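Next up, run-v5.pdb (PDB, C-alpha atoms and all ligand atoms):
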MODEL        1
ATOM      1  CA  MET A  18      64.566  43.543  11.708  1.00  0.00           C
ATOM      2  CA  LYS A  19      66.260  44.294  14.991  1.00  0.00           C
ATOM      3  CA  LEU A  20      63.138  45.953  16.289  1.00  0.00           C
ATOM      4  CA  ILE A  21      61.064  42.889  15.415  1.00  0.00           C
ATOM      5  CA  ASN A  22      63.493  40.678  17.315  1.00  0.00           C
ATOM      6  CA  LEU A  23      63.176  42.955  20.285  1.00  0.00           C
ATOM      7  CA  ILE A  24      59.408  42.732  20.137  1.00  0.00           C
ATOM      8  CA  PHE A  25      59.591  38.939  20.117  1.00  0.00           C
ATOM      9  CA  VAL A  26      61.847  38.914  23.137  1.00  0.00           C
ATOM     10  CA  PHE A  27      59.505  41.311  24.874  1.00  0.00           C
ATOM     11  CA  LEU A  28      56.454  39.159  24.119  1.00  0.00           C
ATOM     12  CA  ALA A  29      58.295  36.052  25.278  1.00  0.00           C
ATOM     13  CA  ILE A  30      59.094  37.722  28.573  1.00  0.00           C
ATOM     14  CA  ILE A  31      55.476  38.796  29.043  1.00  0.00           C
ATOM     15  CA  SER A  32      54.113  35.326  28.367  1.00  0.00           C
ATOM     16  CA  LEU A  33      56.702  33.743  30.656  1.00  0.00           C
ATOM     17  CA  SER A  34      55.904  36.052  33.509  1.00  0.00           C
ATOM     18  CA  SER A  35      52.152  35.524  33.149  1.00  0.00           C
ATOM     19  CA  CYS A  36      52.729  31.762  33.265  1.00  0.00           C
ATOM     20  CA  GLY A  37      54.742  32.186  36.410  1.00  0.00           C
ATOM     21  CA  GLY A  38      51.842  34.139  37.856  1.00  0.00           C
ATOM     22  CA  SER A  39      49.346  31.334  37.475  1.00  0.00           C
ATOM     23  CA  ASP A  40      51.826  28.752  38.734  1.00  0.00           C
ATOM     24  CA  SER A  41      52.302  30.599  41.946  1.00  0.00           C
ATOM     25  CA  LYS A  42      48.527  30.640  42.526  1.00  0.00           C
ATOM     26  CA  LYS A  43      47.976  29.184  45.958  1.00  0.00           C
ATOM     27  CA  LYS A  44      46.469  25.732  46.024  1.00  0.00           C
ATOM     28  CA  LEU A  45      44.057  24.895  48.796  1.00  0.00           C
ATOM     29  CA  LYS A  46      45.850  22.616  51.228  1.00  0.00           C
ATOM     30  CA  THR A  47      44.534  20.466  54.015  1.00  0.00           C
ATOM     31  CA  ASP A  48      45.909  20.589  57.513  1.00  0.00           C
ATOM     32  CA  THR A  49      47.545  17.306  58.395  1.00  0.00           C
ATOM     33  CA  ALA A  50      48.190  18.220  62.016  1.00  0.00           C
ATOM     34  CA  VAL A  51      44.572  18.448  63.199  1.00  0.00           C
ATOM     35  CA  THR A  52      43.166  15.386  64.945  1.00  0.00           C
ATOM     36  CA  LEU A  53      39.492  15.030  64.186  1.00  0.00           C
ATOM     37  CA  SER A  54      37.180  14.100  67.028  1.00  0.00           C
ATOM     38  CA  ALA A  55      35.306  10.828  66.827  1.00  0.00           C
ATOM     39  CA  GLU A  56      32.111  12.826  67.225  1.00  0.00           C
ATOM     40  CA  ASP A  57      32.800  15.021  64.166  1.00  0.00           C
ATOM     41  CA  LEU A  58      33.768  11.992  62.095  1.00  0.00           C
ATOM     42  CA  GLU A  59      30.506  10.271  63.058  1.00  0.00           C
ATOM     43  CA  LYS A  60      28.538  13.397  62.101  1.00  0.00           C
ATOM     44  CA  GLY A  61      30.368  13.448  58.774  1.00  0.00           C
ATOM     45  CA  ALA A  62      29.633   9.766  58.256  1.00  0.00           C
ATOM     46  CA  SER A  63      25.940  10.243  58.840  1.00  0.00           C
ATOM     47  CA  LEU A  64      25.820  13.172  56.391  1.00  0.00           C
ATOM     48  CA  TYR A  65      27.673  10.957  53.916  1.00  0.00           C
ATOM     49  CA  ARG A  66      25.131   8.162  54.336  1.00  0.00           C
ATOM     50  CA  ALA A  67      22.240  10.577  53.815  1.00  0.00           C
ATOM     51  CA  LYS A  68      23.621  12.734  50.992  1.00  0.00           C
ATOM     52  CA  CYS A  69      26.434  11.007  49.120  1.00  0.00           C
ATOM     53  CA  MET A  70      26.286   7.248  49.570  1.00  0.00           C
ATOM     54  CA  ASN A  71      23.625   6.639  46.902  1.00  0.00           C
ATOM     55  CA  CYS A  72      26.141   7.519  44.226  1.00  0.00           C
ATOM     56  CA  HIS A  73      29.582   7.203  45.759  1.00  0.00           C
ATOM     57  CA  MET A  74      28.621   3.979  47.583  1.00  0.00           C
ATOM     58  CA  LYS A  75      29.291   2.843  51.119  1.00  0.00           C
ATOM     59  CA  SER A  76      32.805   1.773  50.174  1.00  0.00           C
ATOM     60  CA  GLY A  77      33.542   5.206  48.651  1.00  0.00           C
ATOM     61  CA  LYS A  78      34.414   3.403  45.430  1.00  0.00           C
ATOM     62  CA  GLY A  79      31.556   4.854  43.356  1.00  0.00           C
ATOM     63  CA  ILE A  80      30.447   3.101  40.186  1.00  0.00           C
ATOM     64  CA  GLU A  81      33.075   3.032  37.479  1.00  0.00           C
ATOM     65  CA  LYS A  82      32.379   5.433  34.592  1.00  0.00           C
ATOM     66  CA  PHE A  83      29.222   6.838  36.287  1.00  0.00           C
ATOM     67  CA  TYR A  84      30.040   7.923  39.813  1.00  0.00           C
ATOM     68  CA  PRO A  85      33.704   8.545  40.586  1.00  0.00           C
ATOM     69  CA  PRO A  86      35.413   7.064  43.634  1.00  0.00           C
ATOM     70  CA  LEU A  87      36.238   9.145  46.689  1.00  0.00           C
ATOM     71  CA  ALA A  88      38.299   6.341  48.205  1.00  0.00           C
ATOM     72  CA  ASP A  89      41.868   6.700  46.945  1.00  0.00           C
ATOM     73  CA  SER A  90      40.747   9.455  44.534  1.00  0.00           C
ATOM     74  CA  ASP A  91      43.613  11.411  42.986  1.00  0.00           C
ATOM     75  CA  TYR A  92      41.112  14.101  42.013  1.00  0.00           C
ATOM     76  CA  LEU A  93      39.976  14.700  45.585  1.00  0.00           C
ATOM     77  CA  ARG A  94      43.559  14.662  46.819  1.00  0.00           C
ATOM     78  CA  GLU A  95      44.864  17.096  44.220  1.00  0.00           C
ATOM     79  CA  ASN A  96      41.854  19.316  43.517  1.00  0.00           C
ATOM     80  CA  LEU A  97      40.428  20.027  46.907  1.00  0.00           C
ATOM     81  CA  GLU A  98      39.072  23.473  46.144  1.00  0.00           C
ATOM     82  CA  GLU A  99      37.405  22.273  42.957  1.00  0.00           C
ATOM     83  CA  SER A 100      35.987  19.263  44.833  1.00  0.00           C
ATOM     84  CA  ILE A 101      34.429  21.517  47.451  1.00  0.00           C
ATOM     85  CA  TYR A 102      33.088  23.738  44.683  1.00  0.00           C
ATOM     86  CA  MET A 103      31.486  20.753  42.966  1.00  0.00           C
ATOM     87  CA  VAL A 104      29.748  19.503  46.113  1.00  0.00           C
ATOM     88  CA  LYS A 105      28.655  23.008  47.057  1.00  0.00           C
ATOM     89  CA  PHE A 106      27.288  24.119  43.705  1.00  0.00           C
ATOM     90  CA  GLY A 107      26.897  20.915  41.677  1.00  0.00           C
ATOM     91  CA  SER A 108      28.856  19.762  38.656  1.00  0.00           C
ATOM     92  CA  ASN A 109      28.532  18.116  35.286  1.00  0.00           C
ATOM     93  CA  LYS A 110      31.780  18.967  33.582  1.00  0.00           C
ATOM     94  CA  PRO A 111      34.069  16.221  32.351  1.00  0.00           C
ATOM     95  CA  ILE A 112      36.665  15.205  34.948  1.00  0.00           C
ATOM     96  CA  LYS A 113      39.210  12.408  35.216  1.00  0.00           C
ATOM     97  CA  VAL A 114      39.534  10.416  38.421  1.00  0.00           C
ATOM     98  CA  ASN A 115      42.318   7.835  38.693  1.00  0.00           C
ATOM     99  CA  GLY A 116      42.632   7.894  34.915  1.00  0.00           C
ATOM    100  CA  ILE A 117      38.936   7.263  34.182  1.00  0.00           C
ATOM    101  CA  LYS A 118      36.663   9.896  32.623  1.00  0.00           C
ATOM    102  CA  TYR A 119      33.422  10.935  34.333  1.00  0.00           C
ATOM    103  CA  ASN A 120      30.864  13.289  32.950  1.00  0.00           C
ATOM    104  CA  SER A 121      27.632  12.679  34.829  1.00  0.00           C
ATOM    105  CA  LEU A 122      25.730  15.063  37.011  1.00  0.00           C
ATOM    106  CA  MET A 123      26.347  15.647  40.688  1.00  0.00           C
ATOM    107  CA  PRO A 124      23.616  17.910  42.027  1.00  0.00           C
ATOM    108  CA  ALA A 125      24.481  20.660  44.542  1.00  0.00           C
ATOM    109  CA  SER A 126      24.433  19.003  47.956  1.00  0.00           C
ATOM    110  CA  GLY A 127      22.357  21.682  49.668  1.00  0.00           C
ATOM    111  CA  LEU A 128      24.548  21.283  52.760  1.00  0.00           C
ATOM    112  CA  THR A 129      25.574  24.268  54.890  1.00  0.00           C
ATOM    113  CA  ASP A 130      29.265  25.218  55.036  1.00  0.00           C
ATOM    114  CA  LYS A 131      29.499  23.640  58.515  1.00  0.00           C
ATOM    115  CA  GLU A 132      28.030  20.381  57.235  1.00  0.00           C
ATOM    116  CA  LEU A 133      30.402  20.481  54.253  1.00  0.00           C
ATOM    117  CA  VAL A 134      33.369  20.673  56.643  1.00  0.00           C
ATOM    118  CA  LEU A 135      32.098  17.579  58.477  1.00  0.00           C
ATOM    119  CA  VAL A 136      31.398  15.543  55.354  1.00  0.00           C
ATOM    120  CA  PHE A 137      34.686  16.535  53.693  1.00  0.00           C
ATOM    121  CA  ASN A 138      36.717  15.704  56.762  1.00  0.00           C
ATOM    122  CA  TYR A 139      34.959  12.346  56.753  1.00  0.00           C
ATOM    123  CA  ILE A 140      35.739  11.554  53.099  1.00  0.00           C
ATOM    124  CA  LEU A 141      39.293  12.906  53.402  1.00  0.00           C
ATOM    125  CA  ASN A 142      39.898  10.434  56.235  1.00  0.00           C
ATOM    126  CA  SER A 143      37.947   7.300  55.349  1.00  0.00           C
ATOM    127  CA  TRP A 144      38.535   4.091  53.396  1.00  0.00           C
ATOM    128  CA  GLY A 145      42.270   4.466  53.876  1.00  0.00           C
ATOM    129  CA  ASN A 146      42.361   8.113  52.683  1.00  0.00           C
ATOM    130  CA  ASP A 147      44.796  10.103  54.773  1.00  0.00           C
ATOM    131  CA  TYR A 148      44.316  13.471  53.090  1.00  0.00           C
ATOM    132  CA  GLY A 149      44.331  15.814  56.110  1.00  0.00           C
ATOM    133  CA  SER A 150      41.457  18.039  57.175  1.00  0.00           C
ATOM    134  CA  ILE A 151      39.837  21.321  56.181  1.00  0.00           C
ATOM    135  CA  SER A 152      38.481  24.234  58.169  1.00  0.00           C
ATOM    136  CA  LEU A 153      35.255  26.197  58.031  1.00  0.00           C
ATOM    137  CA  GLU A 154      37.150  29.247  56.720  1.00  0.00           C
ATOM    138  CA  GLN A 155      38.433  27.205  53.777  1.00  0.00           C
ATOM    139  CA  VAL A 156      34.935  26.007  52.858  1.00  0.00           C
ATOM    140  CA  GLU A 157      33.483  29.496  53.272  1.00  0.00           C
ATOM    141  CA  ALA A 158      36.136  30.898  50.938  1.00  0.00           C
ATOM    142  CA  VAL A 159      34.895  28.724  48.048  1.00  0.00           C
ATOM    143  CA  LYS A 160      32.449  31.039  46.304  1.00  0.00           C
ATOM    144  CA  ARG A 161      30.320  30.623  43.195  1.00  0.00           C
ATOM    145  CA  LYS A 162      32.343  31.618  40.108  1.00  0.00           C
TER     146      LYS A 162
HETATM  147  C1  LIG A 201      23.516  11.914  42.236  1.00  0.00           C
HETATM  148  C2  LIG A 201      24.785  11.263  42.499  1.00  0.00           C
HETATM  149  C3  LIG A 201      25.773  11.962  43.412  1.00  0.00           C
HETATM  150  C4  LIG A 201      25.597  12.363  44.726  1.00  0.00           C
HETATM  151  C5  LIG A 201      24.346  12.231  45.579  1.00  0.00           C
HETATM  152  C6  LIG A 201      26.873  12.921  45.145  1.00  0.00           C
HETATM  153  N1  LIG A 201      27.777  12.853  44.127  1.00  0.00           N
HETATM  154 FE1  LIG A 201      29.730  13.460  44.187  1.00  0.00          FE
HETATM  155  N2  LIG A 201      29.912  13.125  42.208  1.00  0.00           N
HETATM  156  C7  LIG A 201      28.933  12.582  41.401  1.00  0.00           C
HETATM  157  C8  LIG A 201      29.359  12.656  40.029  1.00  0.00           C
HETATM  158  C9  LIG A 201      28.583  12.157  38.814  1.00  0.00           C
HETATM  159  C10 LIG A 201      30.614  13.291  40.035  1.00  0.00           C
HETATM  160  C11 LIG A 201      31.436  13.701  38.808  1.00  0.00           C
HETATM  161  C12 LIG A 201      30.857  15.038  38.356  1.00  0.00           C
HETATM  162  C13 LIG A 201      31.396  15.556  37.073  1.00  0.00           C
HETATM  163  O1  LIG A 201      31.728  14.790  36.174  1.00  0.00           O
HETATM  164  O2  LIG A 201      31.430  16.788  36.958  1.00  0.00           O
HETATM  165  C14 LIG A 201      30.947  13.531  41.437  1.00  0.00           C
HETATM  166  C15 LIG A 201      32.153  14.070  41.884  1.00  0.00           C
HETATM  167  C16 LIG A 201      32.513  14.220  43.210  1.00  0.00           C
HETATM  168  C17 LIG A 201      33.818  14.611  43.700  1.00  0.00           C
HETATM  169  C18 LIG A 201      35.063  14.922  42.874  1.00  0.00           C
HETATM  170  C19 LIG A 201      35.569  13.717  42.140  1.00  0.00           C
HETATM  171  C20 LIG A 201      36.136  12.617  43.006  1.00  0.00           C
HETATM  172  O3  LIG A 201      35.665  11.480  42.866  1.00  0.00           O
HETATM  173  O4  LIG A 201      37.051  12.851  43.822  1.00  0.00           O
HETATM  174  C21 LIG A 201      33.731  14.666  45.061  1.00  0.00           C
HETATM  175  C22 LIG A 201      34.847  15.018  46.038  1.00  0.00           C
HETATM  176  C23 LIG A 201      32.370  14.323  45.415  1.00  0.00           C
HETATM  177  N3  LIG A 201      31.656  14.052  44.282  1.00  0.00           N
HETATM  178  C24 LIG A 201      31.910  14.291  46.707  1.00  0.00           C
HETATM  179  C25 LIG A 201      30.551  14.132  47.030  1.00  0.00           C
HETATM  180  C26 LIG A 201      30.018  14.329  48.367  1.00  0.00           C
HETATM  181  C27 LIG A 201      30.816  14.713  49.592  1.00  0.00           C
HETATM  182  C28 LIG A 201      28.667  14.113  48.278  1.00  0.00           C
HETATM  183  C29 LIG A 201      27.636  14.232  49.378  1.00  0.00           C
HETATM  184  C30 LIG A 201      27.532  15.522  50.044  1.00  0.00           C
HETATM  185  C31 LIG A 201      28.371  13.764  46.893  1.00  0.00           C
HETATM  186  N4  LIG A 201      29.535  13.793  46.166  1.00  0.00           N
HETATM  187  C32 LIG A 201      27.115  13.436  46.410  1.00  0.00           C
HETATM  188  C33 LIG A 201      27.723  12.046  41.821  1.00  0.00           C
HETATM  189  C34 LIG A 201      27.150  12.284  43.054  1.00  0.00           C
ENDMDL
END
Whole structure given in structure tokens:
Amino acid sequence: MKLINLIFVFLAIISLSSCGGSDSKKKLKTDTAVTLSAEDLEKGASLYRAKCMNCHMKSGKGIEKFYPPLADSDYLRENLEESIYMVKFGSNKPIKVNGIKYNSLMPASGLTDKELVLVFNYILNSWGNDYGSISLEQVEAVKRK
């Protein structure tokens, strides 16, 4: 009986410490100190118009239940790495944005990592979003799982 108790305690400790491990996983953060140049923002805007606007709309508001918003999107703000992954490699898994479920297809953008930096810095800083900026190294680090 005592031994069994000990085993339970041991298992509890293991599961606690593995939880702690995943919690401490570093989340991709934007840099809020960088000032983006007007030129880079314009380049990002033109990539957005060519590659994203059809679905996410000029206003960044998307189309409810089909194409999620980027403007004021809690998903974009809180899941930056996953957002980059989705635009880089495409996505059709169910996600929730501002409390609404989306499960349509976003094809891989086909953009280079440099173009992804420009378009992300545009969407992170448009329509009232003030989500900071990302670097080329951060986009390059997002690799196919
Ligand atoms: C064909 C329509 C389509 C195009 C074009 C498109 N998207 Fe999406 N996007 C979607 C859909 C649909 C989802 C949700 C995907 C899912 O459910 O897995 C999404 C999700 C996202 C998300 C994460 C969710 C959110 O709203 O914050 C981001 C960020 C995003 N797209 C950015 C972009 C960017 C940047 C481009 C242009 C390079 C782009 N998308 C082009 C349809 C599109």
Take CA of Ala158 (chain A) and CA of Gly77 (chain A) and report the distance between them in Å, one decimal.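 Interatomic distance here is 25.9 Å.
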Neighbours of ligand LIG 201 (chain A) at 8 Å or closer, counting all atoms listed in the file: which residues, as a PyMOL selection string? chain A and resi 64-65+67-73+79+83-88+90-94+97+99-101+103-104+107-114+118-126+128+133+136-137+140
Gap from CA of Ser76 (chain A) to CA of Ala62 (chain A) - Å, one decimal: 11.8 Å
So how far away is CA of Glu157 (chain A) from CA of Lys44 (chain A), in Å?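 Distance reported for this atom pair: 15.3 Å.
Nearest residue to Lys46 (chain A) among A:Ser63, A:Gln155, A:Asn115, A:Thr129 is A:Gln155, counting only C-alpha atoms.
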Selection near Lys131 (chain A), 12 Å with only C-alpha atoms, sequence-local residues under 4 positions removed, as a PyMOL selection string: chain A and resi 57+60-61+64+105+127+135-138+151-157
Using the file's own x, y and z axes, so that the box edges lie along x, y and z, what centre and edge lengths in Å (one decimal) does a box around every listed atom of region 144-152 of chain A get when 8 Å is added on each side? Give it as JSON.
{"center_x": 41.6, "center_y": 14.2, "center_z": 55.4, "size_x": 22.3, "size_y": 36.1, "size_z": 21.5}
Residues picked by the PyMOL selection byres (((chain A and resi 150) around 7) and not hetatm) here, as a compact mmCIF listing (two decimals) with C-alpha atoms, keeping the file's coordinate frame?
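Resulting contents of out34.txt:
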# COMPACT_ATOMS: atom_id res chain seq x y z
CA THR A 47 44.53 20.47 54.02
CA ASP A 48 45.91 20.59 57.51
CA THR A 49 47.54 17.31 58.40
CA VAL A 51 44.57 18.45 63.20
CA ASN A 138 36.72 15.70 56.76
CA LEU A 141 39.29 12.91 53.40
CA TYR A 148 44.32 13.47 53.09
CA GLY A 149 44.33 15.81 56.11
CA ILE A 151 39.84 21.32 56.18
CA SER A 152 38.48 24.23 58.17
Identify which of the residues A:Asn142, A:Lys162, A:Asp147, A:Ile117 lies closest to Ile80 (chain A), counting all atoms listed in the file when measuring atom-to-atom distances. A:Ile117
